[in-house]
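Enquirer: My questions will all concern the structure given below.
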Amino acid sequence: MTIDAAPLEQPLDTLAAFLKAAGDPLRLEVLRVLGQNSFGVLELGEIMAIKQSGMSHHLKVLAQAGLVEKRREGNSIFYRRRLPPPQAPTEKLHGALFEELDETLLDTGTAERLAGVQAQRAAQSRAFFARHADDLPRQQELIAEYDQYAEQACELLDRALAGAPARRALEIGPGDGRFLAPLAARFEQVLALDNSEAMLALARRRVREAKLDNVTLVAGEWPQDGERLPPVDAVVLNMVLHHLPSPASALKAAAAQLNGGGVLVVTDLCRHDQRWAVDACGDFWLGFDEADLVAWAGRAGLSLRESLFLAMRNGFQVQVRSFEKSS
C-alpha cells in the first residue's frame, strides 16, 4: 500500500516558503515598514538603503511566501502586506508575525529614511494643491458630489455622538471648508488642519462669510503636527485619505487624538482603476479596499461602528465609515 504524499507536501512547502521569507532580518524590517503604508520598489530601496535589484529580490521572496502583494496605483506599482486567506496553512503564523512586528519600533536609520520618503510625498501633495486650488472643487465634483457624501457623514456622526460629549472636533484637510459649518453646529469648538495655504485661504473666506466663530484654522501636516493640537471628541477625514502619503499612519494618529469614546468619521473612495483622477485631482491612492480601512483602524485601537456605500457618477463608489475609540 502506498501513501499519497501530495496533500502533505503542499502545506509543508507553503510553511517552508513562509519560514524562509521570515528568516531574514532585512525582510522582517521591510514587512514592518509595509505595516505603515504601501511603497514602491524604489521607495523601499531608499528606506532600506539597498539597491533596487536587491530590494526586488527580497520582495519576490516575500511575495512567493504570500507575505506581500503588489497593486497598481496610476502608473506605479506599490507593495503592501498581504493577509492569508482563511484556513491557509500559515494563517496563524501570519497574524502572529504581523502583530509582533507592529509592536516593535523601526531602527533609527530606517525610521529617518521612511520619514524622508513620506516628506517627499507630502511635498508633492502641497505643490499640487498650490497650483490647482481654484479649480480643484470643480474637478473633485466629477468624482464625488459633496452634498451626497456629506449628508451621510453627518448622519453617521450624529448616531455615533448620541448622548456623547461634543466639545471639540478636528477636521483634517478641510479643503474649501464646506464641512466646517455642519461641524460648527454640532461642537463647541472646531479645529481644521490643512497643509495647503491656498486651500486654507478658501476655508478662511467661507468661515468668515458664514460667521463661524467657533472654528479655528491651523496650517500644518498630518500626522506630524497633531501633537500640538488638543485631544478631541471627533476626527473627520472627508475625501482626504487618498491624498495623504501614509493612510495607515494618518488613522493611527487620528485614534491617538481622540478622547476615550471619541469617534472617527472617514469618507473616501472605494478602490478603483480610473487613473485620470491622479492628474485631475492630485489623488495619491486610487481609493481603498474596504478591508484596508477596517484593518488600519483596528490596529490603531478603533472599532467599526457603521458603514455606508454610495454610488457616484463616472463609476466611482464612496465609502462612509464611522469608528469608535474605547472609553
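Labels for the C-alpha cells follow display order: chains A, B, ..., residues from 1 in each chain, ligands from 1.
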What's the 7 Å shell around range 105-115 of chain A, counting only C-alpha atoms, without same-chain residues fewer than 4 positions away, as a PyMOL selection string?
Expert: chain A and resi 47-48+119
Enquirer: Residues as selected, N, CA, C and O atoms, written as an mmCIF file, in the first residue's frame, can you do that?
Expert:
```cif
data_model
loop_
_atom_site.group_PDB
_atom_site.id
_atom_site.type_symbol
_atom_site.label_atom_id
_atom_site.label_comp_id
_atom_site.auth_asym_id
_atom_site.auth_seq_id
_atom_site.Cartn_x
_atom_site.Cartn_y
_atom_site.Cartn_z
ATOM 1 N N ILE A 47 14.372 53.497 1.595
ATOM 2 C CA ILE A 47 14.119 53.354 3.030
ATOM 3 C C ILE A 47 15.071 52.344 3.663
ATOM 4 O O ILE A 47 15.593 52.560 4.762
ATOM 5 N N MET A 48 15.315 51.243 2.942
ATOM 6 C CA MET A 48 16.170 50.185 3.484
ATOM 7 C C MET A 48 17.640 50.381 3.134
ATOM 8 O O MET A 48 18.498 49.603 3.559
ATOM 9 N N ALA A 119 7.939 62.585 3.570
ATOM 10 C CA ALA A 119 8.029 64.038 3.396
ATOM 11 C C ALA A 119 8.033 64.407 1.919
ATOM 12 O O ALA A 119 7.445 65.422 1.514
#
```
Enquirer: So which bits of range 120-292 of chain A end up alpha helix (DSSP H) when you DSSP the backbone, as a short mmCIF file (atom, residue, chain, number, x, y, z; two decimals) with N, CA, C and O atoms, in the first residue's frame?
Expert:
```cif
data_model
loop_
_atom_site.label_atom_id
_atom_site.label_comp_id
_atom_site.auth_asym_id
_atom_site.auth_seq_id
_atom_site.Cartn_x
_atom_site.Cartn_y
_atom_site.Cartn_z
N GLN A 120 8.69 63.60 1.09
CA GLN A 120 8.68 63.83 -0.36
C GLN A 120 7.27 63.73 -0.92
O GLN A 120 6.84 64.55 -1.74
N ARG A 121 6.52 62.74 -0.45
CA ARG A 121 5.13 62.59 -0.90
C ARG A 121 4.30 63.79 -0.48
O ARG A 121 3.49 64.32 -1.25
N ALA A 122 4.48 64.23 0.77
CA ALA A 122 3.71 65.37 1.27
C ALA A 122 4.03 66.63 0.49
O ALA A 122 3.13 67.45 0.20
N ALA A 123 5.28 66.80 0.11
CA ALA A 123 5.68 67.98 -0.67
C ALA A 123 5.01 67.97 -2.04
O ALA A 123 4.58 69.01 -2.54
N GLN A 124 4.92 66.80 -2.65
CA GLN A 124 4.23 66.69 -3.94
C GLN A 124 2.77 67.08 -3.80
O GLN A 124 2.21 67.75 -4.66
N SER A 125 2.14 66.65 -2.70
CA SER A 125 0.73 66.98 -2.48
C SER A 125 0.55 68.47 -2.29
O SER A 125 -0.37 69.08 -2.88
N ARG A 126 1.40 69.10 -1.49
CA ARG A 126 1.29 70.55 -1.27
C ARG A 126 1.46 71.31 -2.58
O ARG A 126 0.74 72.28 -2.85
N ALA A 127 2.41 70.88 -3.39
CA ALA A 127 2.65 71.57 -4.66
C ALA A 127 1.44 71.47 -5.57
O ALA A 127 1.06 72.45 -6.24
N PHE A 128 0.80 70.31 -5.59
CA PHE A 128 -0.38 70.15 -6.44
C PHE A 128 -1.49 71.09 -6.00
O PHE A 128 -2.09 71.79 -6.82
N PHE A 129 -1.79 71.11 -4.71
CA PHE A 129 -2.90 71.95 -4.23
C PHE A 129 -2.59 73.43 -4.38
O PHE A 129 -3.49 74.24 -4.57
N ALA A 130 -1.33 73.81 -4.30
CA ALA A 130 -0.95 75.20 -4.51
C ALA A 130 -1.23 75.61 -5.95
O ALA A 130 -1.66 76.75 -6.22
N ARG A 131 -1.02 74.70 -6.89
CA ARG A 131 -1.23 75.01 -8.31
C ARG A 131 -2.70 74.99 -8.71
O ARG A 131 -3.11 75.71 -9.61
N HIS A 132 -3.51 74.15 -8.05
CA HIS A 132 -4.86 73.89 -8.55
C HIS A 132 -5.96 74.23 -7.55
O HIS A 132 -7.09 73.75 -7.70
N LEU A 136 -9.87 73.03 -8.20
CA LEU A 136 -9.94 71.70 -7.63
C LEU A 136 -11.36 71.28 -7.24
O LEU A 136 -11.77 70.14 -7.53
N PRO A 137 -12.17 72.14 -6.58
CA PRO A 137 -13.53 71.71 -6.23
C PRO A 137 -14.33 71.25 -7.45
O PRO A 137 -15.07 70.26 -7.38
N ARG A 138 -14.17 71.93 -8.58
CA ARG A 138 -14.90 71.52 -9.79
C ARG A 138 -14.41 70.15 -10.27
O ARG A 138 -15.21 69.31 -10.68
N GLN A 139 -13.12 69.92 -10.21
CA GLN A 139 -12.58 68.63 -10.63
C GLN A 139 -13.06 67.51 -9.70
O GLN A 139 -13.42 66.42 -10.14
N GLN A 140 -13.08 67.79 -8.41
CA GLN A 140 -13.48 66.76 -7.46
C GLN A 140 -14.95 66.40 -7.59
O GLN A 140 -15.34 65.27 -7.31
N GLU A 141 -15.77 67.37 -8.00
CA GLU A 141 -17.19 67.08 -8.20
C GLU A 141 -17.41 66.07 -9.33
O GLU A 141 -18.45 65.43 -9.39
N TYR A 146 -20.20 66.53 -3.27
CA TYR A 146 -20.10 66.82 -1.84
C TYR A 146 -21.42 66.60 -1.12
O TYR A 146 -21.46 65.99 -0.04
N ASP A 147 -22.51 67.11 -1.65
CA ASP A 147 -23.81 67.04 -0.95
C ASP A 147 -24.22 65.61 -0.64
O ASP A 147 -24.86 65.36 0.39
N GLN A 148 -23.86 64.66 -1.50
CA GLN A 148 -24.26 63.28 -1.29
C GLN A 148 -23.52 62.65 -0.11
O GLN A 148 -24.12 62.10 0.80
N TYR A 149 -22.19 62.75 -0.14
CA TYR A 149 -21.45 62.06 0.93
C TYR A 149 -21.45 62.86 2.23
O TYR A 149 -21.37 62.29 3.32
N ALA A 150 -21.55 64.19 2.15
CA ALA A 150 -21.56 65.00 3.37
C ALA A 150 -22.79 64.72 4.22
O ALA A 150 -22.71 64.65 5.46
N GLU A 151 -23.92 64.55 3.59
CA GLU A 151 -25.15 64.25 4.33
C GLU A 151 -25.02 62.93 5.08
O GLU A 151 -25.41 62.82 6.25
N GLN A 152 -24.44 61.92 4.42
CA GLN A 152 -24.26 60.63 5.08
C GLN A 152 -23.23 60.71 6.20
O GLN A 152 -23.39 60.08 7.25
N ALA A 153 -22.19 61.48 5.98
CA ALA A 153 -21.17 61.65 7.03
C ALA A 153 -21.79 62.29 8.27
O ALA A 153 -21.49 61.90 9.41
N CYS A 154 -22.67 63.27 8.07
CA CYS A 154 -23.35 63.91 9.20
C CYS A 154 -24.24 62.91 9.94
O CYS A 154 -24.30 62.91 11.18
N GLU A 155 -24.92 62.05 9.21
CA GLU A 155 -25.80 61.07 9.84
C GLU A 155 -25.01 60.09 10.69
O GLU A 155 -25.39 59.78 11.83
N LEU A 156 -23.89 59.60 10.17
CA LEU A 156 -23.07 58.68 10.94
C LEU A 156 -22.48 59.37 12.17
O LEU A 156 -22.39 58.78 13.26
N LEU A 157 -22.10 60.62 12.01
CA LEU A 157 -21.55 61.38 13.13
C LEU A 157 -22.61 61.58 14.21
O LEU A 157 -22.33 61.41 15.41
N ASP A 158 -23.82 61.93 13.81
CA ASP A 158 -24.89 62.15 14.78
C ASP A 158 -25.21 60.87 15.55
O ASP A 158 -25.41 60.90 16.78
N ARG A 159 -25.27 59.75 14.85
CA ARG A 159 -25.59 58.50 15.53
C ARG A 159 -24.47 58.09 16.48
O ARG A 159 -24.71 57.55 17.56
N ALA A 160 -23.24 58.35 16.07
CA ALA A 160 -22.11 57.98 16.92
C ALA A 160 -22.03 58.86 18.17
O ALA A 160 -21.57 58.41 19.22
N LEU A 161 -22.47 60.10 18.04
CA LEU A 161 -22.35 61.06 19.15
C LEU A 161 -23.58 61.12 20.04
O LEU A 161 -23.60 61.90 20.99
N LEU A 180 -17.16 72.54 7.44
CA LEU A 180 -16.93 73.20 8.72
C LEU A 180 -18.23 73.72 9.34
O LEU A 180 -18.37 73.71 10.57
N ALA A 181 -19.17 74.15 8.53
CA ALA A 181 -20.44 74.64 9.07
C ALA A 181 -21.21 73.52 9.79
O ALA A 181 -21.70 73.73 10.91
N PRO A 182 -21.38 72.34 9.18
CA PRO A 182 -22.03 71.25 9.93
C PRO A 182 -21.31 70.89 11.22
O PRO A 182 -21.96 70.60 12.23
N LEU A 183 -19.99 70.92 11.20
CA LEU A 183 -19.25 70.62 12.42
C LEU A 183 -19.44 71.71 13.46
O LEU A 183 -19.61 71.43 14.66
N ALA A 184 -19.42 72.96 13.02
CA ALA A 184 -19.59 74.09 13.95
C ALA A 184 -20.95 74.07 14.63
O ALA A 184 -21.10 74.54 15.76
N ALA A 185 -21.94 73.51 13.95
CA ALA A 185 -23.29 73.43 14.53
C ALA A 185 -23.40 72.30 15.55
O ALA A 185 -24.35 72.28 16.34
N ARG A 186 -22.45 71.39 15.55
CA ARG A 186 -22.53 70.21 16.42
C ARG A 186 -21.54 70.23 17.58
O ARG A 186 -21.70 69.47 18.53
N GLU A 197 -1.69 76.27 2.05
CA GLU A 197 -2.09 77.63 2.35
C GLU A 197 -3.17 78.12 1.38
O GLU A 197 -4.06 78.89 1.75
N ALA A 198 -3.10 77.64 0.15
CA ALA A 198 -4.10 78.03 -0.85
C ALA A 198 -5.49 77.53 -0.44
O ALA A 198 -6.49 78.26 -0.56
N MET A 199 -5.58 76.27 0.02
CA MET A 199 -6.87 75.74 0.44
C MET A 199 -7.32 76.39 1.75
O MET A 199 -8.52 76.65 1.95
N LEU A 200 -6.40 76.70 2.65
CA LEU A 200 -6.76 77.38 3.88
C LEU A 200 -7.34 78.76 3.61
O LEU A 200 -8.25 79.21 4.32
N ALA A 201 -6.84 79.42 2.57
CA ALA A 201 -7.38 80.74 2.22
C ALA A 201 -8.85 80.62 1.81
O ALA A 201 -9.68 81.47 2.19
N LEU A 202 -9.18 79.57 1.05
CA LEU A 202 -10.58 79.36 0.67
C LEU A 202 -11.43 79.05 1.89
O LEU A 202 -12.56 79.54 2.01
N ALA A 203 -10.90 78.23 2.80
CA ALA A 203 -11.64 77.88 4.00
C ALA A 203 -11.84 79.10 4.89
O ALA A 203 -12.92 79.29 5.48
N ARG A 204 -10.83 79.95 5.01
CA ARG A 204 -10.96 81.16 5.83
C ARG A 204 -12.08 82.05 5.31
O ARG A 204 -12.86 82.62 6.09
N ARG A 205 -12.15 82.20 4.00
CA ARG A 205 -13.20 83.04 3.42
C ARG A 205 -14.58 82.48 3.74
O ARG A 205 -15.51 83.22 4.10
N ARG A 206 -14.71 81.13 3.64
CA ARG A 206 -16.01 80.52 3.92
C ARG A 206 -16.37 80.67 5.41
O ARG A 206 -17.52 80.94 5.76
N VAL A 207 -15.38 80.51 6.29
CA VAL A 207 -15.62 80.65 7.72
C VAL A 207 -16.03 82.08 8.05
O VAL A 207 -16.95 82.32 8.85
N ARG A 208 -15.37 83.03 7.42
CA ARG A 208 -15.68 84.44 7.67
C ARG A 208 -17.08 84.78 7.17
O ARG A 208 -17.86 85.45 7.88
N GLU A 209 -17.42 84.33 5.96
CA GLU A 209 -18.73 84.65 5.39
C GLU A 209 -19.86 84.01 6.18
O GLU A 209 -20.95 84.57 6.31
N ALA A 210 -19.62 82.79 6.70
CA ALA A 210 -20.66 82.10 7.47
C ALA A 210 -20.66 82.47 8.94
O ALA A 210 -21.50 81.99 9.71
N PRO A 247 -1.73 56.61 4.68
CA PRO A 247 -3.08 56.49 5.23
C PRO A 247 -3.13 55.76 6.56
O PRO A 247 -3.86 56.17 7.47
N ALA A 248 -2.38 54.67 6.69
CA ALA A 248 -2.41 53.92 7.95
C ALA A 248 -1.90 54.77 9.11
O ALA A 248 -2.47 54.77 10.20
N SER A 249 -0.82 55.51 8.88
CA SER A 249 -0.29 56.39 9.92
C SER A 249 -1.27 57.50 10.26
O SER A 249 -1.38 57.93 11.41
N ALA A 250 -2.00 57.97 9.24
CA ALA A 250 -2.99 59.04 9.47
C ALA A 250 -4.10 58.55 10.39
O ALA A 250 -4.54 59.28 11.30
N LEU A 251 -4.56 57.33 10.19
CA LEU A 251 -5.63 56.79 11.05
C LEU A 251 -5.10 56.50 12.45
O LEU A 251 -5.81 56.72 13.45
N LYS A 252 -3.87 56.03 12.55
CA LYS A 252 -3.28 55.78 13.87
C LYS A 252 -3.18 57.08 14.66
O LYS A 252 -3.49 57.12 15.86
N ALA A 253 -2.75 58.16 13.99
CA ALA A 253 -2.65 59.45 14.66
C ALA A 253 -4.03 59.99 15.04
O ALA A 253 -4.19 60.62 16.09
N ALA A 254 -5.02 59.75 14.18
CA ALA A 254 -6.38 60.20 14.50
C ALA A 254 -6.90 59.50 15.74
O ALA A 254 -7.54 60.12 16.60
N ALA A 255 -6.61 58.21 15.86
CA ALA A 255 -7.03 57.48 17.05
C ALA A 255 -6.37 58.04 18.30
O ALA A 255 -7.01 58.18 19.35
N ALA A 256 -5.09 58.38 18.19
CA ALA A 256 -4.37 58.94 19.34
C ALA A 256 -4.92 60.31 19.73
O ALA A 256 -4.84 60.71 20.89
N GLN A 257 -5.48 61.05 18.77
CA GLN A 257 -6.01 62.39 19.04
C GLN A 257 -7.36 62.34 19.75
O GLN A 257 -7.78 63.33 20.35
N TRP A 276 -7.05 58.77 -14.30
CA TRP A 276 -7.11 60.20 -14.60
C TRP A 276 -7.29 61.03 -13.33
O TRP A 276 -6.92 62.21 -13.29
N ALA A 277 -7.80 60.41 -12.26
CA ALA A 277 -8.01 61.14 -11.01
C ALA A 277 -6.69 61.60 -10.40
O ALA A 277 -6.65 62.59 -9.67
N VAL A 278 -5.61 60.89 -10.73
CA VAL A 278 -4.30 61.28 -10.20
C VAL A 278 -3.89 62.64 -10.74
O VAL A 278 -3.46 63.52 -9.99
N ASP A 279 -4.04 62.82 -12.04
CA ASP A 279 -3.65 64.09 -12.67
C ASP A 279 -4.67 65.19 -12.42
O ASP A 279 -4.31 66.35 -12.20
N ALA A 280 -5.96 64.83 -12.43
CA ALA A 280 -7.00 65.85 -12.32
C ALA A 280 -7.17 66.36 -10.89
O ALA A 280 -7.43 67.55 -10.68
N CYS A 281 -7.01 65.48 -9.91
CA CYS A 281 -7.33 65.86 -8.53
C CYS A 281 -6.18 65.65 -7.56
O CYS A 281 -6.34 65.87 -6.35
N GLU A 290 -12.22 48.11 1.06
CA GLU A 290 -12.99 48.30 2.29
C GLU A 290 -12.29 47.69 3.50
O GLU A 290 -12.28 48.25 4.59
N ALA A 291 -11.65 46.53 3.30
CA ALA A 291 -11.00 45.83 4.41
C ALA A 291 -9.78 46.59 4.91
O ALA A 291 -9.41 46.48 6.09
N ASP A 292 -9.14 47.38 4.04
CA ASP A 292 -7.94 48.10 4.46
C ASP A 292 -8.26 49.11 5.56
O ASP A 292 -7.54 49.21 6.56
#
```
Enquirer: DSSP on the backbone, strand (DSSP E) only: what residues of range 79-234 of chain A does that give? Format it as number ranges by chain.
Expert: A: 79-81, 168-172, 189-194, 215-219, 232-234
Enquirer: Of the residues A:Arg305, A:Arg275, A:His242, A:Arg81, which is the one nearest to Leu59 in chain A, using only C-alpha atoms?
Expert: A:Arg81
Enquirer: Quick one, how far is CA of Ala21 in chain A from CA of Ala65 in chain A?
Expert: 6.4 Å
Enquirer: Identify which of the residues A:Leu193, A:Met239, A:Ala234, A:Leu44 lies closest to Leu264 in chain A, counting only C-alpha atoms when measuring atom-to-atom distances.
Expert: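 Of A:Leu193, A:Met239, A:Ala234, A:Leu44, the one nearest Leu264 in chain A is A:Ala234, counting only C-alpha atoms.
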